[in-house]
file target_12.tsv (TSV, N, CA and C atoms)
chain	number	residue	atom	x	y	z
K	151	GLN	N	3.45	-20.49	-3.44
K	151	GLN	CA	4.35	-19.36	-3.25
K	151	GLN	C	3.54	-18.06	-3.28
K	152	VAL	N	3.67	-17.27	-2.24
K	152	VAL	CA	2.95	-16.01	-2.16
K	152	VAL	C	3.62	-14.99	-3.08
K	153	GLN	N	2.81	-14.29	-3.84
K	153	GLN	CA	3.31	-13.21	-4.68
K	153	GLN	C	2.43	-11.98	-4.54
K	154	LEU	N	3.08	-10.85	-4.47
K	154	LEU	CA	2.41	-9.56	-4.54
K	154	LEU	C	3.02	-8.83	-5.73
K	155	VAL	N	2.20	-8.50	-6.71
K	155	VAL	CA	2.72	-7.91	-7.95
K	155	VAL	C	2.08	-6.55	-8.17
K	156	GLU	N	2.92	-5.53	-8.12
K	156	GLU	CA	2.44	-4.15	-8.28
K	156	GLU	C	2.46	-3.73	-9.75
K	157	SER	N	1.57	-2.81	-10.08
K	157	SER	CA	1.57	-2.19	-11.40
K	157	SER	C	0.91	-0.82	-11.29
K	158	GLY	N	1.02	-0.03	-12.36
K	158	GLY	CA	0.35	1.24	-12.40
K	158	GLY	C	1.23	2.45	-12.19
K	159	GLY	N	2.50	2.22	-11.89
K	159	GLY	CA	3.39	3.36	-11.71
K	159	GLY	C	3.66	4.07	-13.02
K	160	GLY	N	4.27	5.24	-12.92
K	160	GLY	CA	4.60	6.01	-14.12
K	160	GLY	C	4.95	7.42	-13.74
K	161	GLU	N	4.99	8.28	-14.74
K	161	GLU	CA	5.32	9.68	-14.52
K	161	GLU	C	4.08	10.53	-14.72
K	162	VAL	N	3.89	11.47	-13.81
K	162	VAL	CA	2.73	12.34	-13.87
K	162	VAL	C	3.15	13.72	-13.39
K	163	GLN	N	2.46	14.73	-13.83
K	163	GLN	CA	2.74	16.10	-13.37
K	163	GLN	C	2.09	16.35	-12.02
K	164	ALA	N	2.67	17.27	-11.29
K	164	ALA	CA	2.11	17.65	-10.00
K	164	ALA	C	0.63	18.03	-10.16
K	165	GLY	N	-0.17	17.56	-9.21
K	165	GLY	CA	-1.61	17.78	-9.27
K	165	GLY	C	-2.37	16.68	-9.96
K	166	GLY	N	-1.65	15.80	-10.62
K	166	GLY	CA	-2.28	14.71	-11.35
K	166	GLY	C	-2.60	13.51	-10.46
K	167	SER	N	-3.07	12.44	-11.12
K	167	SER	CA	-3.51	11.25	-10.41
K	167	SER	C	-2.92	10.00	-11.04
K	168	LEU	N	-2.78	8.97	-10.21
K	168	LEU	CA	-2.40	7.64	-10.67
K	168	LEU	C	-3.13	6.63	-9.80
K	169	ARG	N	-3.36	5.45	-10.34
K	169	ARG	CA	-3.90	4.35	-9.55
K	169	ARG	C	-2.96	3.16	-9.62
K	170	LEU	N	-2.47	2.74	-8.47
K	170	LEU	CA	-1.63	1.57	-8.38
K	170	LEU	C	-2.47	0.34	-8.07
K	171	SER	N	-2.02	-0.80	-8.57
K	171	SER	CA	-2.68	-2.07	-8.30
K	171	SER	C	-1.68	-3.06	-7.73
K	172	CYS	N	-2.17	-3.93	-6.87
K	172	CYS	CA	-1.35	-5.00	-6.31
K	172	CYS	C	-2.19	-6.28	-6.36
K	173	VAL	N	-1.74	-7.22	-7.18
K	173	VAL	CA	-2.42	-8.51	-7.26
K	173	VAL	C	-1.75	-9.49	-6.31
K	174	ALA	N	-2.53	-10.06	-5.41
K	174	ALA	CA	-2.01	-10.97	-4.39
K	174	ALA	C	-2.39	-12.41	-4.73
K	175	SER	N	-1.45	-13.32	-4.59
K	175	SER	CA	-1.73	-14.73	-4.89
K	175	SER	C	-0.90	-15.64	-4.00
K	176	GLY	N	-1.27	-16.90	-3.96
K	176	GLY	CA	-0.47	-17.90	-3.26
K	176	GLY	C	-0.98	-18.29	-1.89
K	177	ARG	N	-1.94	-17.55	-1.35
K	177	ARG	CA	-2.53	-17.92	-0.07
K	177	ARG	C	-3.81	-17.12	0.12
K	178	THR	N	-4.59	-17.48	1.12
K	178	THR	CA	-5.72	-16.64	1.49
K	178	THR	C	-5.24	-15.59	2.48
K	179	PHE	N	-5.87	-14.43	2.45
K	179	PHE	CA	-5.41	-13.33	3.28
K	179	PHE	C	-6.45	-12.93	4.34
K	180	ASN	N	-7.30	-13.86	4.70
K	180	ASN	CA	-8.20	-13.59	5.82
K	180	ASN	C	-7.39	-13.27	7.07
K	181	ARG	N	-7.83	-12.28	7.81
K	181	ARG	CA	-7.14	-11.81	9.01
K	181	ARG	C	-5.76	-11.22	8.69
K	182	TYR	N	-5.61	-10.74	7.48
K	182	TYR	CA	-4.41	-10.02	7.06
K	182	TYR	C	-4.77	-8.59	6.69
K	183	GLY	N	-3.82	-7.71	6.85
K	183	GLY	CA	-3.89	-6.40	6.25
K	183	GLY	C	-2.95	-6.34	5.06
K	184	LEU	N	-3.36	-5.67	4.02
K	184	LEU	CA	-2.50	-5.43	2.87
K	184	LEU	C	-2.32	-3.94	2.72
K	185	GLY	N	-1.10	-3.54	2.42
K	185	GLY	CA	-0.85	-2.12	2.40
K	185	GLY	C	0.19	-1.69	1.40
K	186	TRP	N	0.42	-0.39	1.39
K	186	TRP	CA	1.41	0.23	0.52
K	186	TRP	C	2.43	0.97	1.36
K	187	PHE	N	3.67	0.83	0.94
K	187	PHE	CA	4.79	1.58	1.49
K	187	PHE	C	5.50	2.25	0.33
K	188	ARG	N	6.37	3.20	0.66
K	188	ARG	CA	7.15	3.84	-0.40
K	188	ARG	C	8.53	4.19	0.10
K	189	ARG	N	9.46	4.23	-0.85
K	189	ARG	CA	10.82	4.65	-0.54
K	189	ARG	C	11.26	5.67	-1.57
K	190	ALA	N	11.50	6.88	-1.10
K	190	ALA	CA	12.00	7.94	-1.97
K	190	ALA	C	13.52	7.84	-2.07
K	191	PRO	N	14.10	8.38	-3.12
K	191	PRO	CA	15.56	8.33	-3.28
K	191	PRO	C	16.27	8.91	-2.06
K	192	GLY	N	17.17	8.15	-1.48
K	192	GLY	CA	17.95	8.63	-0.35
K	192	GLY	C	17.22	8.65	0.97
K	193	LYS	N	16.02	8.10	1.02
K	193	LYS	CA	15.24	8.14	2.25
K	193	LYS	C	14.86	6.74	2.69
K	194	ASP	N	14.41	6.64	3.93
K	194	ASP	CA	13.94	5.36	4.46
K	194	ASP	C	12.56	5.02	3.89
K	195	ARG	N	12.25	3.74	3.91
K	195	ARG	CA	10.92	3.32	3.50
K	195	ARG	C	9.89	3.82	4.52
K	196	GLU	N	8.73	4.25	4.03
K	196	GLU	CA	7.70	4.74	4.93
K	196	GLU	C	6.34	4.14	4.57
K	197	PHE	N	5.51	4.02	5.59
K	197	PHE	CA	4.17	3.50	5.43
K	197	PHE	C	3.29	4.53	4.72
K	198	VAL	N	2.38	4.05	3.86
K	198	VAL	CA	1.46	4.93	3.15
K	198	VAL	C	0.01	4.66	3.57
K	199	ALA	N	-0.44	3.42	3.37
K	199	ALA	CA	-1.84	3.09	3.65
K	199	ALA	C	-2.00	1.59	3.75
K	200	ALA	N	-3.06	1.15	4.44
K	200	ALA	CA	-3.33	-0.27	4.56
K	200	ALA	C	-4.84	-0.50	4.61
K	201	VAL	N	-5.22	-1.73	4.23
K	201	VAL	CA	-6.63	-2.12	4.25
K	201	VAL	C	-6.74	-3.54	4.81
K	202	SER	N	-7.76	-3.74	5.62
K	202	SER	CA	-8.03	-5.09	6.13
K	202	SER	C	-8.70	-5.92	5.04
K	203	TRP	N	-8.13	-7.09	4.76
K	203	TRP	CA	-8.67	-7.91	3.68
K	203	TRP	C	-10.08	-8.39	3.98
K	204	SER	N	-10.41	-8.60	5.23
K	204	SER	CA	-11.70	-9.18	5.56
K	204	SER	C	-12.82	-8.14	5.64
K	205	ASP	N	-12.57	-7.00	6.29
K	205	ASP	CA	-13.69	-6.07	6.51
K	205	ASP	C	-13.48	-4.69	5.90
K	206	GLY	N	-12.36	-4.46	5.20
K	206	GLY	CA	-12.16	-3.19	4.52
K	206	GLY	C	-11.76	-2.02	5.40
K	207	ASP	N	-11.49	-2.28	6.66
K	207	ASP	CA	-10.99	-1.22	7.54
K	207	ASP	C	-9.72	-0.63	6.93
K	208	THR	N	-9.53	0.69	7.05
K	208	THR	CA	-8.38	1.35	6.43
K	208	THR	C	-7.57	2.14	7.44
K	209	TYR	N	-6.33	2.41	7.05
K	209	TYR	CA	-5.39	3.14	7.91
K	209	TYR	C	-4.44	3.89	6.99
K	210	TYR	N	-4.23	5.19	7.26
K	210	TYR	CA	-3.42	6.04	6.38
K	210	TYR	C	-2.33	6.76	7.15
K	211	ALA	N	-1.25	7.01	6.46
K	211	ALA	CA	-0.25	7.94	6.98
K	211	ALA	C	-0.80	9.36	6.87
K	212	ASP	N	-0.43	10.21	7.82
K	212	ASP	CA	-0.94	11.58	7.82
K	212	ASP	C	-0.58	12.31	6.53
K	213	SER	N	0.55	11.98	5.94
K	213	SER	CA	1.04	12.71	4.76
K	213	SER	C	0.17	12.49	3.53
K	214	VAL	N	-0.66	11.45	3.53
K	214	VAL	CA	-1.47	11.15	2.35
K	214	VAL	C	-2.97	11.22	2.61
K	215	LYS	N	-3.37	11.43	3.85
K	215	LYS	CA	-4.80	11.50	4.17
K	215	LYS	C	-5.48	12.58	3.36
K	216	GLY	N	-6.63	12.24	2.79
K	216	GLY	CA	-7.37	13.20	1.98
K	216	GLY	C	-6.94	13.24	0.53
K	217	ARG	N	-5.79	12.65	0.20
K	217	ARG	CA	-5.31	12.62	-1.18
K	217	ARG	C	-5.29	11.20	-1.75
K	218	PHE	N	-4.96	10.23	-0.94
K	218	PHE	CA	-4.85	8.84	-1.38
K	218	PHE	C	-6.00	8.03	-0.80
K	219	THR	N	-6.46	7.05	-1.57
K	219	THR	CA	-7.51	6.14	-1.11
K	219	THR	C	-7.10	4.71	-1.40
K	220	ILE	N	-7.12	3.87	-0.38
K	220	ILE	CA	-6.82	2.45	-0.56
K	220	ILE	C	-8.13	1.68	-0.62
K	221	SER	N	-8.19	0.69	-1.49
K	221	SER	CA	-9.39	-0.14	-1.60
K	221	SER	C	-8.98	-1.55	-2.01
K	222	LYS	N	-9.95	-2.45	-2.02
K	222	LYS	CA	-9.65	-3.84	-2.36
K	222	LYS	C	-10.78	-4.43	-3.17
K	223	ASP	N	-10.44	-5.46	-3.92
K	223	ASP	CA	-11.42	-6.24	-4.65
K	223	ASP	C	-11.11	-7.69	-4.35
K	224	ASN	N	-11.89	-8.27	-3.44
K	224	ASN	CA	-11.60	-9.64	-3.03
K	224	ASN	C	-11.76	-10.63	-4.18
K	225	ALA	N	-12.69	-10.37	-5.07
K	225	ALA	CA	-12.92	-11.30	-6.19
K	225	ALA	C	-11.69	-11.39	-7.09
K	226	ASP	N	-10.99	-10.27	-7.24
K	226	ASP	CA	-9.81	-10.24	-8.10
K	226	ASP	C	-8.51	-10.31	-7.31
K	227	ASN	N	-8.62	-10.47	-5.98
K	227	ASN	CA	-7.42	-10.51	-5.12
K	227	ASN	C	-6.51	-9.31	-5.37
K	228	THR	N	-7.11	-8.15	-5.48
K	228	THR	CA	-6.35	-6.95	-5.84
K	228	THR	C	-6.59	-5.84	-4.82
K	229	VAL	N	-5.51	-5.15	-4.49
K	229	VAL	CA	-5.56	-3.96	-3.65
K	229	VAL	C	-5.16	-2.77	-4.52
K	230	TYR	N	-5.88	-1.68	-4.37
K	230	TYR	CA	-5.64	-0.48	-5.18
K	230	TYR	C	-5.20	0.68	-4.29
K	231	LEU	N	-4.42	1.56	-4.89
K	231	LEU	CA	-4.10	2.82	-4.23
K	231	LEU	C	-4.37	3.93	-5.23
K	232	GLN	N	-5.46	4.65	-5.02
K	232	GLN	CA	-5.79	5.80	-5.85
K	232	GLN	C	-5.08	7.02	-5.27
K	233	MET	N	-4.24	7.63	-6.08
K	233	MET	CA	-3.43	8.76	-5.62
K	233	MET	C	-3.84	10.00	-6.40
K	234	ASN	N	-4.38	10.97	-5.70
K	234	ASN	CA	-4.80	12.23	-6.30
K	234	ASN	C	-3.97	13.39	-5.76
K	235	SER	N	-4.04	14.51	-6.44
K	235	SER	CA	-3.31	15.71	-6.02
K	235	SER	C	-1.85	15.38	-5.72
K	236	LEU	N	-1.23	14.68	-6.63
K	236	LEU	CA	0.14	14.24	-6.40
K	236	LEU	C	1.11	15.41	-6.34
K	237	LYS	N	2.12	15.25	-5.50
K	237	LYS	CA	3.14	16.27	-5.30
K	237	LYS	C	4.51	15.69	-5.66
K	238	PRO	N	5.46	16.53	-6.00
K	238	PRO	CA	6.80	16.01	-6.30
K	238	PRO	C	7.37	15.16	-5.16
K	239	GLU	N	7.04	15.49	-3.93
K	239	GLU	CA	7.55	14.71	-2.80
K	239	GLU	C	6.91	13.33	-2.68
K	240	ASP	N	5.91	13.03	-3.50
K	240	ASP	CA	5.34	11.68	-3.56
K	240	ASP	C	6.17	10.76	-4.45
K	241	THR	N	7.15	11.31	-5.14
K	241	THR	CA	8.01	10.50	-6.00
K	241	THR	C	8.72	9.44	-5.17
K	242	SER	N	8.50	8.18	-5.53
K	242	SER	CA	9.05	7.05	-4.77
K	242	SER	C	8.84	5.77	-5.55
K	243	VAL	N	9.50	4.72	-5.09
K	243	VAL	CA	9.10	3.38	-5.46
K	243	VAL	C	8.05	2.94	-4.45
K	244	TYR	N	6.91	2.50	-4.96
K	244	TYR	CA	5.80	2.09	-4.10
K	244	TYR	C	5.76	0.56	-4.04
K	245	TYR	N	5.67	0.05	-2.82
K	245	TYR	CA	5.69	-1.38	-2.58
K	245	TYR	C	4.38	-1.83	-1.93
K	246	CYS	N	3.90	-2.99	-2.36
K	246	CYS	CA	2.77	-3.64	-1.73
K	246	CYS	C	3.30	-4.63	-0.70
K	247	ALA	N	2.60	-4.76	0.42
K	247	ALA	CA	3.05	-5.65	1.48
K	247	ALA	C	1.86	-6.21	2.23
K	248	ALA	N	2.09	-7.31	2.95
K	248	ALA	CA	1.02	-7.96	3.71
K	248	ALA	C	1.54	-8.44	5.05
K	249	ALA	N	0.69	-8.29	6.08
K	249	ALA	CA	1.04	-8.77	7.41
K	249	ALA	C	-0.25	-9.11	8.15
K	250	PRO	N	-0.17	-10.00	9.14
K	250	PRO	CA	-1.37	-10.34	9.91
K	250	PRO	C	-1.90	-9.13	10.67
K	251	LEU	N	-3.19	-9.19	10.97
K	251	LEU	CA	-3.79	-8.17	11.82
K	251	LEU	C	-3.51	-8.53	13.27
K	252	TYR	N	-2.95	-7.63	14.01
K	252	TYR	CA	-2.61	-7.89	15.41
K	252	TYR	C	-3.59	-7.24	16.37
K	253	ALA	N	-4.58	-6.55	15.84
K	253	ALA	CA	-5.57	-5.86	16.67
K	253	ALA	C	-6.89	-5.86	15.91
K	254	PRO	N	-7.99	-5.62	16.61
K	254	PRO	CA	-9.29	-5.63	15.93
K	254	PRO	C	-9.39	-4.61	14.79
K	255	ARG	N	-8.68	-3.49	14.94
K	255	ARG	CA	-8.71	-2.48	13.89
K	255	ARG	C	-7.29	-2.17	13.43
K	256	LEU	N	-7.15	-1.80	12.17
K	256	LEU	CA	-5.85	-1.40	11.64
K	256	LEU	C	-5.37	-0.14	12.34
K	257	GLY	N	-4.10	-0.11	12.61
K	257	GLY	CA	-3.50	1.06	13.22
K	257	GLY	C	-2.01	0.83	13.39
K	258	PRO	N	-1.36	1.60	14.25
K	258	PRO	CA	0.09	1.46	14.42
K	258	PRO	C	0.54	0.05	14.78
K	259	ALA	N	-0.31	-0.72	15.45
K	259	ALA	CA	0.09	-2.08	15.83
K	259	ALA	C	0.37	-2.95	14.62
K	260	TRP	N	-0.28	-2.66	13.49
K	260	TRP	CA	-0.07	-3.46	12.29
K	260	TRP	C	1.37	-3.34	11.79
K	261	LEU	N	1.99	-2.23	12.08
K	261	LEU	CA	3.35	-1.98	11.59
K	261	LEU	C	4.42	-2.52	12.54
K	262	LYS	N	4.00	-2.94	13.71
K	262	LYS	CA	4.96	-3.20	14.78
K	262	LYS	C	5.90	-4.36	14.51
K	263	TYR	N	5.40	-5.44	13.89
K	263	TYR	CA	6.19	-6.66	13.77
K	263	TYR	C	6.72	-6.90	12.36
K	264	GLY	N	6.56	-5.94	11.49
K	264	GLY	CA	7.08	-6.11	10.14
K	264	GLY	C	6.12	-6.85	9.23
K	265	MET	N	6.41	-6.82	7.95
K	265	MET	CA	5.55	-7.44	6.95
K	265	MET	C	6.00	-8.87	6.65
K	266	ASP	N	5.01	-9.73	6.40
K	266	ASP	CA	5.34	-11.10	6.02
K	266	ASP	C	5.74	-11.21	4.55
K	267	TYR	N	5.13	-10.39	3.72
K	267	TYR	CA	5.33	-10.49	2.28
K	267	TYR	C	5.49	-9.12	1.66
K	268	TRP	N	6.33	-9.06	0.62
K	268	TRP	CA	6.58	-7.81	-0.10
K	268	TRP	C	6.53	-8.04	-1.60
K	269	GLY	N	6.05	-7.03	-2.31
K	269	GLY	CA	6.20	-7.01	-3.75
K	269	GLY	C	7.52	-6.38	-4.13
K	270	LYS	N	7.77	-6.29	-5.44
K	270	LYS	CA	9.04	-5.76	-5.92
K	270	LYS	C	9.01	-4.26	-6.18
K	271	GLY	N	7.82	-3.68	-6.19
K	271	GLY	CA	7.71	-2.24	-6.30
K	271	GLY	C	7.39	-1.73	-7.69
K	272	THR	N	6.83	-0.52	-7.70
K	272	THR	CA	6.54	0.18	-8.95
K	272	THR	C	6.89	1.64	-8.75
K	273	LEU	N	7.55	2.25	-9.74
K	273	LEU	CA	8.08	3.60	-9.60
K	273	LEU	C	7.03	4.64	-9.98
K	274	VAL	N	6.87	5.60	-9.10
K	274	VAL	CA	6.01	6.76	-9.35
K	274	VAL	C	6.88	8.00	-9.35
K	275	THR	N	6.82	8.76	-10.43
K	275	THR	CA	7.58	10.00	-10.53
K	275	THR	C	6.61	11.14	-10.76
K	276	VAL	N	6.69	12.15	-9.90
K	276	VAL	CA	5.82	13.32	-10.01
K	276	VAL	C	6.69	14.52	-10.34
K	277	SER	N	6.46	15.11	-11.49
K	277	SER	CA	7.26	16.24	-11.94
K	277	SER	C	6.56	17.55	-11.60
K	278	SER	N	7.38	18.55	-11.33
K	278	SER	CA	6.80	19.85	-10.94
K	278	SER	C	6.57	20.73	-12.15

call {"tool": "encode", "arguments": {"input": "target_12.tsv", "output": "C-alpha cells"}}
result
Amino acid sequence: QVQLVESGGGEVQAGGSLRLSCVASGRTFNRYGLGWFRRAPGKDREFVAAVSWSDGDTYYADSVKGRFTISKDNADNTVYLQMNSLKPEDTSVYYCAAAPLYAPRLGPAWLKYGMDYWGKGTLVTVSS
C-alpha cells in the first residue's frame, strides 16, 4: 500500500521559515515526480513544487520561486519543502503527491493527468 506521510507544519510569523517532510513508502518511485500542493481556506488546491525522483529535476509555481526549495533524499524516501520568507497568504494545508513523469523534464505536463497518490496534509499557518 502506497503511503505519503507529511509532517513539519505549524504556525510561524511572517518572514519566518518552515521545512515540510513527506515520507513515501509502498512502491518504488523511479520515473515519478513527487510534489507539494496546497489548499488555502475557501480556495482551490494549487500546485507548489515538484521534484523528479530519479534525477532531481525541479519545477515551481511562480508564487513560490525564490522562496521555497524542494529536495529529496532517496535513501530515506523523503521529499522536503524548505519554505523561507513566508507570507500570510502561504497559509494552507500542504499536501504531498506523486504522479508519473510524462515528459523528459518536469513542467506543466506533469500536472495534466492528475496525481496517482496523495498524502493527508499538514497545516501551515503564517501570522502577520

call {"tool": "residues_around", "arguments": {"input": "target_12.tsv", "residues": "stretch 254-262 of chain K", "least_positions_apart": "6", "cutoff": "6.5 Å", "atoms": "only N, CA and C atoms", "output": "list in words"}}
result
Asp207, Thr208 and Tyr209 of chain K

call {"tool": "write_last_selection", "arguments": {"input": "target_12.tsv", "atoms": "N, CA and C atoms", "output": "compact mmCIF listing (two decimals), in the frame of the given file"}}
result
# COMPACT_ATOMS: atom_id res chain seq x y z
N ASP K 207 -11.49 -2.28 6.66
CA ASP K 207 -10.99 -1.22 7.54
C ASP K 207 -9.72 -0.63 6.93
N THR K 208 -9.53 0.69 7.05
CA THR K 208 -8.38 1.35 6.43
C THR K 208 -7.57 2.14 7.44
N TYR K 209 -6.33 2.41 7.05
CA TYR K 209 -5.39 3.14 7.91
C TYR K 209 -4.44 3.89 6.99

call {"tool": "select_by_dssp", "arguments": {"input": "target_12.tsv", "residues": "chain K", "states": "strand (DSSP E or B)", "output": "PyMOL selection string"}}
result
chain K and resi 153-157+160-163+168-175+182-189+195-202+208-210+218-223+228-233+242-250+267-268+272-277

call {"tool": "residues_around", "arguments": {"input": "target_12.tsv", "residues": "K:Thr272", "least_positions_apart": "6", "cutoff": "12 Å", "atoms": "only C-alpha atoms", "output": "NGL selection string"}}
result
:K and (154-161 or 168-172 or 186-190 or 231 or 241-246)

call {"tool": "residues_around", "arguments": {"input": "target_12.tsv", "residues": "stretch 216-218 of chain K", "least_positions_apart": "5", "cutoff": "9 Å", "atoms": "only C-alpha atoms", "output": "MDAnalysis selection string"}}
result
chainID K and resid 198:199 210 231:236

call {"tool": "residues_around", "arguments": {"input": "target_12.tsv", "residues": "K:Gln153", "least_positions_apart": "5", "cutoff": "8 Å", "atoms": "all atoms listed in the file", "output": "PyMOL selection string"}}
result
chain K and resi 172-177+267-270

call {"tool": "select_by_dssp", "arguments": {"input": "target_12.tsv", "residues": "stretch 204-273 of chain K", "states": "alpha helix (DSSP H)", "output": "MDAnalysis selection string"}}
result
chainID K and resid 258:261

call {"tool": "write_last_selection", "arguments": {"input": "target_12.tsv", "atoms": "N, CA and C atoms", "output": "PDB file, keeping the file's coordinate frame"}}
result
ATOM      1  N   PRO K 258      -1.360   1.600  14.250  1.00  0.00           N
ATOM      2  CA  PRO K 258       0.090   1.460  14.420  1.00  0.00           C
ATOM      3  C   PRO K 258       0.540   0.050  14.780  1.00  0.00           C
ATOM      4  N   ALA K 259      -0.310  -0.720  15.450  1.00  0.00           N
ATOM      5  CA  ALA K 259       0.090  -2.080  15.830  1.00  0.00           C
ATOM      6  C   ALA K 259       0.370  -2.950  14.620  1.00  0.00           C
ATOM      7  N   TRP K 260      -0.280  -2.660  13.490  1.00  0.00           N
ATOM      8  CA  TRP K 260      -0.070  -3.460  12.290  1.00  0.00           C
ATOM      9  C   TRP K 260       1.370  -3.340  11.790  1.00  0.00           C
ATOM     10  N   LEU K 261       1.990  -2.230  12.080  1.00  0.00           N
ATOM     11  CA  LEU K 261       3.350  -1.980  11.590  1.00  0.00           C
ATOM     12  C   LEU K 261       4.420  -2.520  12.540  1.00  0.00           C
TER      13      LEU K 261
END

call {"tool": "atom_distance", "arguments": {"input": "target_12.tsv", "atom1": "atom CA of K:Gly271", "atom2": "atom CA of K:Asn180"}}
result
23.0 Å

call {"tool": "atom_distance", "arguments": {"input": "target_12.tsv", "atom1": "atom C of K:Val201", "atom2": "atom CA of K:Ser221"}}
result
7.7 Å

call {"tool": "atom_distance", "arguments": {"input": "target_12.tsv", "atom1": "atom CA of K:Pro191", "atom2": "atom CA of K:Tyr263"}}
result
24.6 Å

call {"tool": "closest_residue", "arguments": {"input": "target_12.tsv", "among": "K:Ala164, K:Met265, K:Val152, K:Ala211", "to": "K:Ala247", "atoms": "all atoms listed in the file"}}
result
K:Met265

call {"tool": "residues_around", "arguments": {"input": "target_12.tsv", "residues": "K:Leu251", "least_positions_apart": "2", "cutoff": "6.5 Å", "atoms": "only N, CA and C atoms", "output": "short mmCIF file (atom, residue, chain, number, x, y, z; two decimals) with N, CA and C atoms, keeping the file's coordinate frame"}}
result
data_model
loop_
_atom_site.label_atom_id
_atom_site.label_comp_id
_atom_site.auth_asym_id
_atom_site.auth_seq_id
_atom_site.Cartn_x
_atom_site.Cartn_y
_atom_site.Cartn_z
N ARG K 181 -7.83 -12.28 7.81
CA ARG K 181 -7.14 -11.81 9.01
C ARG K 181 -5.76 -11.22 8.69
N TYR K 182 -5.61 -10.74 7.48
CA TYR K 182 -4.41 -10.02 7.06
C TYR K 182 -4.77 -8.59 6.69
N GLY K 183 -3.82 -7.71 6.85
CA GLY K 183 -3.89 -6.40 6.25
C GLY K 183 -2.95 -6.34 5.06
N ALA K 249 0.69 -8.29 6.08
CA ALA K 249 1.04 -8.77 7.41
C ALA K 249 -0.25 -9.11 8.15
N ALA K 253 -4.58 -6.55 15.84
CA ALA K 253 -5.57 -5.86 16.67
C ALA K 253 -6.89 -5.86 15.91
N PRO K 254 -7.99 -5.62 16.61
CA PRO K 254 -9.29 -5.63 15.93
C PRO K 254 -9.39 -4.61 14.79
N TRP K 260 -0.28 -2.66 13.49
CA TRP K 260 -0.07 -3.46 12.29
C TRP K 260 1.37 -3.34 11.79
#

call {"tool": "axis_aligned_box", "arguments": {"input": "target_12.tsv", "around": "stretch 239-251 of chain K", "padding_each_side": "5 Å", "output": "JSON"}}
result
{"center_x": 2.9, "center_y": 2.6, "center_z": 3.6, "size_x": 23.3, "size_y": 35.8, "size_z": 29.3}

call {"tool": "closest_residue", "arguments": {"input": "target_12.tsv", "among": "K:Glu239, K:Ser202, K:Thr178, K:Leu184", "to": "K:Gly165", "atoms": "only C-alpha atoms"}}
result
K:Glu239

call {"tool": "decode", "arguments": {"input": "target_12.tsv", "residues": "stretch 193-204 of chain K", "atoms": "N, CA, C and O atoms", "output": "PDB file, in the first residue's frame"}}
result
ATOM      1  N   LYS K 193     -10.348  28.295  -0.934  1.00  0.00           N
ATOM      2  CA  LYS K 193      -9.742  28.371  -2.264  1.00  0.00           C
ATOM      3  C   LYS K 193      -9.517  26.983  -2.836  1.00  0.00           C
ATOM      4  O   LYS K 193      -9.565  25.979  -2.129  1.00  0.00           O
ATOM      5  N   ASP K 194      -9.251  26.942  -4.132  1.00  0.00           N
ATOM      6  CA  ASP K 194      -8.945  25.681  -4.789  1.00  0.00           C
ATOM      7  C   ASP K 194      -7.519  25.230  -4.448  1.00  0.00           C
ATOM      8  O   ASP K 194      -6.651  26.047  -4.121  1.00  0.00           O
ATOM      9  N   ARG K 195      -7.300  23.935  -4.582  1.00  0.00           N
ATOM     10  CA  ARG K 195      -5.957  23.413  -4.396  1.00  0.00           C
ATOM     11  C   ARG K 195      -5.051  23.922  -5.516  1.00  0.00           C
ATOM     12  O   ARG K 195      -5.475  24.006  -6.677  1.00  0.00           O
ATOM     13  N   GLU K 196      -3.805  24.258  -5.176  1.00  0.00           N
ATOM     14  CA  GLU K 196      -2.880  24.743  -6.184  1.00  0.00           C
ATOM     15  C   GLU K 196      -1.528  24.044  -6.056  1.00  0.00           C
ATOM     16  O   GLU K 196      -1.120  23.628  -4.971  1.00  0.00           O
ATOM     17  N   PHE K 197      -0.857  23.947  -7.187  1.00  0.00           N
ATOM     18  CA  PHE K 197       0.458  23.350  -7.255  1.00  0.00           C
ATOM     19  C   PHE K 197       1.491  24.278  -6.614  1.00  0.00           C
ATOM     20  O   PHE K 197       1.401  25.505  -6.770  1.00  0.00           O
ATOM     21  N   VAL K 198       2.477  23.690  -5.927  1.00  0.00           N
ATOM     22  CA  VAL K 198       3.541  24.466  -5.305  1.00  0.00           C
ATOM     23  C   VAL K 198       4.901  24.140  -5.938  1.00  0.00           C
ATOM     24  O   VAL K 198       5.587  25.025  -6.441  1.00  0.00           O
ATOM     25  N   ALA K 199       5.296  22.871  -5.878  1.00  0.00           N
ATOM     26  CA  ALA K 199       6.617  22.485  -6.376  1.00  0.00           C
ATOM     27  C   ALA K 199       6.662  20.983  -6.581  1.00  0.00           C
ATOM     28  O   ALA K 199       5.883  20.248  -5.954  1.00  0.00           O
ATOM     29  N   ALA K 200       7.587  20.537  -7.440  1.00  0.00           N
ATOM     30  CA  ALA K 200       7.750  19.110  -7.682  1.00  0.00           C
ATOM     31  C   ALA K 200       9.218  18.798  -7.960  1.00  0.00           C
ATOM     32  O   ALA K 200       9.982  19.673  -8.390  1.00  0.00           O
ATOM     33  N   VAL K 201       9.570  17.530  -7.707  1.00  0.00           N
ATOM     34  CA  VAL K 201      10.932  17.070  -7.954  1.00  0.00           C
ATOM     35  C   VAL K 201      10.873  15.687  -8.605  1.00  0.00           C
ATOM     36  O   VAL K 201      10.031  14.866  -8.236  1.00  0.00           O
ATOM     37  N   SER K 202      11.757  15.477  -9.561  1.00  0.00           N
ATOM     38  CA  SER K 202      11.864  14.156 -10.190  1.00  0.00           C
ATOM     39  C   SER K 202      12.620  13.221  -9.257  1.00  0.00           C
ATOM     40  O   SER K 202      13.722  13.557  -8.795  1.00  0.00           O
ATOM     41  N   TRP K 203      12.023  12.065  -8.964  1.00  0.00           N
ATOM     42  CA  TRP K 203      12.648  11.148  -8.025  1.00  0.00           C
ATOM     43  C   TRP K 203      13.972  10.605  -8.547  1.00  0.00           C
ATOM     44  O   TRP K 203      14.887  10.351  -7.780  1.00  0.00           O
ATOM     45  N   SER K 204      14.106  10.466  -9.844  1.00  0.00           N
ATOM     46  CA  SER K 204      15.306   9.833 -10.385  1.00  0.00           C
ATOM     47  C   SER K 204      16.469  10.811 -10.568  1.00  0.00           C
ATOM     48  O   SER K 204      17.602  10.485 -10.214  1.00  0.00           O
TER      49      SER K 204
END
